[in-house]
$ cat start.cif   # mmCIF, C-alpha atoms
data_data
loop_
_atom_site.label_atom_id
_atom_site.label_comp_id
_atom_site.auth_asym_id
_atom_site.auth_seq_id
_atom_site.Cartn_x
_atom_site.Cartn_y
_atom_site.Cartn_z
CA MET A 1 0.00 0.00 0.00
CA ASP A 2 1.30 3.47 -0.92
CA PRO A 3 1.90 5.33 2.37
CA SER A 4 1.47 8.66 0.57
CA ARG A 5 -2.15 7.86 -0.30
CA PRO A 6 -4.72 8.98 2.28
CA ARG A 7 -6.39 6.16 4.19
CA ARG A 8 -10.03 5.54 3.34
CA ARG A 9 -12.34 6.64 6.11
CA VAL A 10 -14.32 3.78 7.55
CA SER A 11 -17.79 4.28 9.00
CA ARG A 12 -18.37 3.43 12.65
CA ALA A 13 -20.63 0.52 11.70
CA GLU A 14 -18.04 -0.91 9.30
CA ARG A 15 -15.24 -0.50 11.86
CA GLU A 16 -17.29 -2.30 14.49
CA ARG A 17 -18.00 -5.12 12.05
CA GLN A 18 -14.25 -5.45 11.38
CA ILE A 19 -13.47 -5.47 15.10
CA LEU A 20 -16.12 -8.11 15.85
CA ASP A 21 -14.88 -10.33 13.01
CA ALA A 22 -11.34 -10.11 14.34
CA ALA A 23 -12.42 -10.64 17.94
CA VAL A 24 -14.40 -13.79 17.12
CA ALA A 25 -11.35 -15.18 15.31
CA VAL A 26 -8.89 -14.33 18.09
CA PHE A 27 -11.18 -15.46 20.93
CA GLY A 28 -11.86 -18.68 19.04
CA GLU A 29 -8.18 -19.39 18.48
CA ARG A 30 -6.84 -18.49 21.92
CA GLY A 31 -9.81 -18.56 24.27
CA TYR A 32 -11.21 -15.48 25.93
CA GLN A 33 -8.81 -15.38 28.88
CA ALA A 34 -5.66 -15.75 26.76
CA ALA A 35 -6.76 -13.40 23.99
CA ALA A 36 -5.13 -9.97 24.09
CA MET A 37 -6.82 -6.81 22.88
CA ASP A 38 -3.52 -5.87 21.22
CA VAL A 39 -3.85 -8.87 18.92
CA VAL A 40 -7.43 -7.98 17.99
CA ALA A 41 -6.38 -4.38 17.28
CA GLU A 42 -3.46 -5.54 15.15
CA ARG A 43 -5.70 -7.73 12.99
CA VAL A 44 -8.05 -4.84 12.37
CA GLY A 45 -5.25 -2.37 11.75
CA VAL A 46 -6.19 0.03 14.55
CA THR A 47 -4.81 0.95 17.94
CA LYS A 48 -6.01 -0.67 21.16
CA PRO A 49 -7.71 2.54 22.38
CA VAL A 50 -10.00 2.31 19.33
CA LEU A 51 -11.30 -1.02 20.63
CA TYR A 52 -12.02 0.46 24.04
CA ALA A 53 -13.70 3.48 22.45
CA HIS A 54 -16.12 1.16 20.65
CA PHE A 55 -16.72 -1.57 23.24
CA GLY A 56 -15.42 -0.33 26.61
CA SER A 57 -13.60 -3.50 27.69
CA LYS A 58 -12.63 -6.99 26.61
CA GLU A 59 -15.77 -8.36 28.23
CA GLY A 60 -17.81 -5.72 26.41
CA LEU A 61 -16.24 -6.89 23.16
CA LEU A 62 -17.10 -10.52 23.93
CA LEU A 63 -20.71 -9.62 24.74
CA ALA A 64 -20.94 -7.62 21.50
CA CYS A 65 -19.76 -10.69 19.56
CA ILE A 66 -22.48 -12.75 21.23
CA ALA A 67 -25.14 -10.08 20.65
CA ARG A 68 -24.34 -10.07 16.95
CA ALA A 69 -24.53 -13.86 16.79
CA ARG A 70 -27.89 -13.74 18.57
CA ALA A 71 -29.30 -11.25 16.06
CA GLU A 72 -27.96 -13.22 13.10
CA LEU A 73 -29.37 -16.48 14.44
CA LEU A 74 -32.84 -15.02 14.85
CA GLU A 75 -32.67 -13.51 11.38
CA VAL A 76 -31.75 -16.75 9.60
CA THR A 77 -34.20 -18.96 11.50
CA THR A 78 -37.06 -16.49 11.05
CA ALA A 79 -36.36 -16.14 7.33
CA ALA A 80 -36.25 -19.92 6.91
CA ALA A 81 -39.54 -20.43 8.74
CA ALA A 82 -41.22 -17.61 6.80
CA SER A 83 -40.54 -19.40 3.50
CA ALA A 84 -42.25 -22.61 4.66
CA HIS A 85 -45.80 -23.85 4.19
CA GLY A 86 -47.31 -25.36 7.32
CA PRO A 87 -46.05 -25.86 10.89
CA GLU A 88 -44.00 -29.00 10.19
CA GLU A 89 -42.05 -27.39 7.37
CA MET A 90 -41.59 -24.24 9.43
CA LEU A 91 -40.03 -26.22 12.27
CA ARG A 92 -37.92 -28.30 9.89
CA ARG A 93 -36.60 -25.30 7.97
CA GLY A 94 -36.00 -23.27 11.12
CA THR A 95 -34.08 -26.15 12.71
CA LEU A 96 -32.01 -26.71 9.57
CA ALA A 97 -31.20 -22.99 9.42
CA PHE A 98 -30.07 -23.17 13.05
CA PHE A 99 -27.62 -26.00 12.37
CA GLU A 100 -26.38 -24.45 9.12
CA TYR A 101 -25.77 -21.12 10.84
CA LEU A 102 -23.73 -22.78 13.58
CA GLU A 103 -21.72 -24.60 10.93
CA ARG A 104 -20.96 -21.39 9.04
CA ARG A 105 -20.16 -19.45 12.20
CA GLU A 106 -18.44 -22.20 14.13
CA PRO A 107 -15.85 -19.91 15.81
CA ALA A 108 -18.64 -17.77 17.28
CA TRP A 109 -20.56 -20.86 18.43
CA THR A 110 -17.45 -22.38 20.02
CA LEU A 111 -16.69 -19.08 21.72
CA LEU A 112 -20.20 -18.81 23.11
CA TYR A 113 -20.17 -22.18 24.83
CA SER A 114 -16.53 -22.28 25.86
CA GLU A 115 -16.89 -18.92 27.63
CA SER A 116 -20.23 -19.56 29.31
CA THR A 117 -18.82 -18.53 32.70
CA VAL A 118 -18.25 -15.03 31.31
CA ALA A 119 -21.25 -14.90 29.00
CA GLY A 120 -23.78 -17.02 30.86
CA GLU A 121 -26.47 -14.33 30.89
CA ALA A 122 -26.00 -13.64 27.18
CA LEU A 123 -26.19 -17.36 26.45
CA GLU A 124 -29.46 -17.60 28.36
CA GLY A 125 -30.71 -14.69 26.29
CA ILE A 126 -30.10 -16.65 23.11
CA ARG A 127 -31.87 -19.68 24.56
CA ALA A 128 -34.85 -17.53 25.56
CA GLN A 129 -34.97 -15.98 22.11
CA GLN A 130 -35.00 -19.36 20.37
CA THR A 131 -37.53 -20.76 22.85
CA ASP A 132 -39.96 -17.91 22.15
CA PHE A 133 -39.44 -18.36 18.41
CA ILE A 134 -40.13 -22.10 18.53
CA ALA A 135 -43.12 -21.72 20.86
CA THR A 136 -44.66 -19.43 18.25
CA LEU A 137 -44.12 -22.05 15.55
CA LEU A 138 -45.61 -24.79 17.72
CA ALA A 139 -48.72 -22.72 18.36
CA GLY A 140 -49.55 -23.21 14.69
CA GLN A 141 -49.59 -26.98 15.16
CA ALA A 142 -51.45 -26.96 18.49
CA PRO A 143 -53.40 -23.68 18.66
CA ASP A 144 -55.50 -24.89 21.59
CA ALA A 145 -52.51 -25.89 23.71
CA ASP A 146 -51.84 -24.12 26.98
CA PRO A 147 -49.10 -21.46 26.52
CA GLN A 148 -47.10 -23.00 29.35
CA ARG A 149 -47.20 -26.37 27.61
CA LEU A 150 -46.02 -24.73 24.37
CA ALA A 151 -43.16 -23.11 26.29
CA GLY A 152 -42.24 -26.48 27.79
CA TRP A 153 -42.17 -28.15 24.38
CA ALA A 154 -40.03 -25.30 23.06
CA GLN A 155 -37.58 -25.74 25.96
CA VAL A 156 -37.25 -29.43 25.08
CA ILE A 157 -36.57 -28.65 21.41
CA VAL A 158 -34.02 -25.92 22.16
CA GLY A 159 -32.21 -28.21 24.60
CA ALA A 160 -32.20 -31.03 22.05
CA CYS A 161 -30.86 -28.73 19.33
CA GLU A 162 -28.12 -27.51 21.62
CA ARG A 163 -27.03 -31.02 22.54
CA LEU A 164 -27.14 -32.12 18.90
CA ALA A 165 -24.97 -29.15 17.94
CA LEU A 166 -22.41 -29.98 20.63
CA TRP A 167 -22.45 -33.63 19.56
CA ARG A 168 -21.87 -32.60 15.94
CA GLY A 169 -18.77 -30.76 17.13
CA SER A 170 -17.21 -34.11 18.03
CA GLU A 171 -18.93 -36.18 15.34
CA ARG A 172 -17.87 -34.31 12.23
CA THR A 173 -19.63 -36.74 9.92
CA VAL A 174 -23.10 -35.63 11.06
CA THR A 175 -24.52 -33.09 8.60
CA SER A 176 -26.96 -30.29 9.31
CA GLU A 177 -29.59 -32.21 7.36
CA GLN A 178 -29.05 -35.37 9.42
CA ALA A 179 -29.22 -33.49 12.72
CA THR A 180 -32.48 -31.90 11.58
CA GLU A 181 -33.93 -35.28 10.68
CA TYR A 182 -32.95 -36.76 14.05
CA LEU A 183 -34.77 -33.95 15.82
CA MET A 184 -37.85 -34.18 13.62
CA ASP A 185 -38.01 -37.98 13.97
CA LEU A 186 -38.78 -37.59 17.66
CA VAL A 187 -40.34 -34.16 18.00
CA TRP A 188 -42.80 -34.19 15.14
CA THR A 189 -44.14 -37.65 15.95
CA GLY A 190 -45.42 -36.36 19.26
CA LEU A 191 -46.59 -33.02 17.95
CA SER A 192 -48.52 -34.64 15.11
CA ALA A 193 -50.45 -36.70 17.67
CA VAL A 194 -51.19 -33.58 19.69
CA GLY A 195 -52.32 -31.65 16.65
CA SER A 196 -54.70 -34.37 15.53
CA ALA A 197 -56.22 -35.03 18.97
CA PRO A 198 -59.43 -33.31 20.01
CA ALA A 199 -58.99 -30.33 22.30
CA GLN A 200 -59.07 -31.29 25.96
CA SER A 201 -61.74 -29.82 28.18
CA SER A 202 -60.51 -27.17 30.56
CA ARG A 203 -62.92 -28.38 33.22
#
$ encode --input "start.cif" --output "structure tokens"
Amino acid sequence: MDPSRPRRRVSRAERERQILDAAVAVFGERGYQAAAMDVVAERVGVTKPVLYAHFGSKEGLLLACIARARAELLEVTTAAAASAHGPEEMLRRGTLAFFEYLERREPAWTLLYSESTVAGEALEGIRAQQTDFIATLLAGQAPDADPQRLAGWAQVIVGACERLALWRGSERTVTSEQATEYLMDLVWTGLSAVGSAPAQSSR
């Protein structure tokens, strides 16, 4: 690069995106505790004070990485479900989008679960977000179900997805499509029975 040429000004949003990309990579490679802000700054091509100006602290940077992953996850699962026809396809497509997102963004996923002691509250926020999303999908299959029951089913599905994702991390031969099928094999069998049964009396 010609040092005599003026540097292109970067918008705040673009700079933050660059910092988050670098932070996810560095945290994923070294772990949160061992990762140095100097290394993140060097990868972005800025000084360390720039990182603090944007995110306040290393923990603030980690939480920003997780917040972005949370927003992206909701976006991809919502878009996948919106393109489906019927509750079963909505759940299937949303689940597949979940696994495919984690596969594409594996460093962020690994970071999230390896640093749960630091980011436990943020992690619970992602779980709550996905639980609400799935409960809404399930309401289409069982519109007469008690909201608490729907929330319970959603908790089961989110927990199963999480365990399947962790298992896939050690079983590299399991594809996103296979993980989705394993979930649907069990979950949809029960939900189909609920959806076809007559509504129970509240008395």
$ closest_residue --input "start.cif" --among "A:Ala165, A:Ala36, A:Leu62, A:Leu51" --to "Phe99 of chain A" --atoms "all atoms listed in the file"
A:Ala165
$ resolve_selection --input "start.cif" --expression "the PyMOL selection byres ((chain A and resi 70) around 12)" --output "VMD selection string"
chain A and resid 63 to 69 71 to 77 98 101 to 102 105 108 to 109 112 122 to 130
$ closest_atom_pairs --input "start.cif" --of "segment 79-165 of chain A" --to "segment 185-191 of chain A" --cutoff "10 Å" --atoms "only C-alpha atoms" --output "tab-separated table"
residue	atom	partner	partner_atom	distance
A:Pro87	CA	A:Trp188	CA	9.9
A:Glu88	CA	A:Trp188	CA	7.3
A:Leu91	CA	A:Trp188	CA	8.9
A:Arg92	CA	A:Trp188	CA	9.3
A:Leu138	CA	A:Leu191	CA	8.3
A:Gln141	CA	A:Leu191	CA	7.3
A:Ala142	CA	A:Leu191	CA	7.8
A:Trp153	CA	A:Val187	CA	9.0
A:Val156	CA	A:Val187	CA	9.1
A:Ile157	CA	A:Val187	CA	7.5
A:Ala160	CA	A:Val187	CA	9.6
$ atom_distance --input "start.cif" --atom1 "atom CA of Leu166 of chain A" --atom2 "atom CA of Thr110 of chain A"
9.1 Å
$ atom_distance --input "start.cif" --atom1 "atom CA of Ile19 of chain A" --atom2 "atom CA of Ala79 of chain A"
26.4 Å
$ atom_distance --input "start.cif" --atom1 "atom CA of Arg43 of chain A" --atom2 "atom CA of Ala13 of chain A"
17.1 Å
$ residues_around --input "start.cif" --residues "Trp167 of chain A" --least-positions-apart "6" --cutoff "10 Å" --atoms "all atoms listed in the file" --output "PyMOL selection string"
chain A and resi 161+174+179
$ residues_around --input "start.cif" --residues "Lys48 of chain A" --least-positions-apart "6" --cutoff "9 Å" --atoms "only C-alpha atoms" --output "list of chain:residue names"
A:Met37, A:Asp38, A:Val39, A:Val40, A:Ala41, A:Glu42
$ write_last_selection --input "start.cif" --atoms "C-alpha atoms" --output "PDB file, keeping the file's coordinate frame"
ATOM      1  CA  MET A  37      -6.820  -6.810  22.880  1.00  0.00           C
ATOM      2  CA  ASP A  38      -3.520  -5.870  21.220  1.00  0.00           C
ATOM      3  CA  VAL A  39      -3.850  -8.870  18.920  1.00  0.00           C
ATOM      4  CA  VAL A  40      -7.430  -7.980  17.990  1.00  0.00           C
ATOM      5  CA  ALA A  41      -6.380  -4.380  17.280  1.00  0.00           C
ATOM      6  CA  GLU A  42      -3.460  -5.540  15.150  1.00  0.00           C
TER       7      GLU A  42
END
$ axis_aligned_box --input "start.cif" --around "segment 57-73 of chain A" --padding-each-side "8 Å" --output "lines of an AutoDock Vina configuration file"
center_x = -21.0
center_y = -10.0
center_z = 20.7
size_x = 32.7
size_y = 29.0
size_z = 31.1
$ closest_residue --input "start.cif" --among "A:Ser57, A:Ser11, A:Gln18, A:Ser176" --to "Ala97 of chain A" --atoms "all atoms listed in the file"
A:Ser176
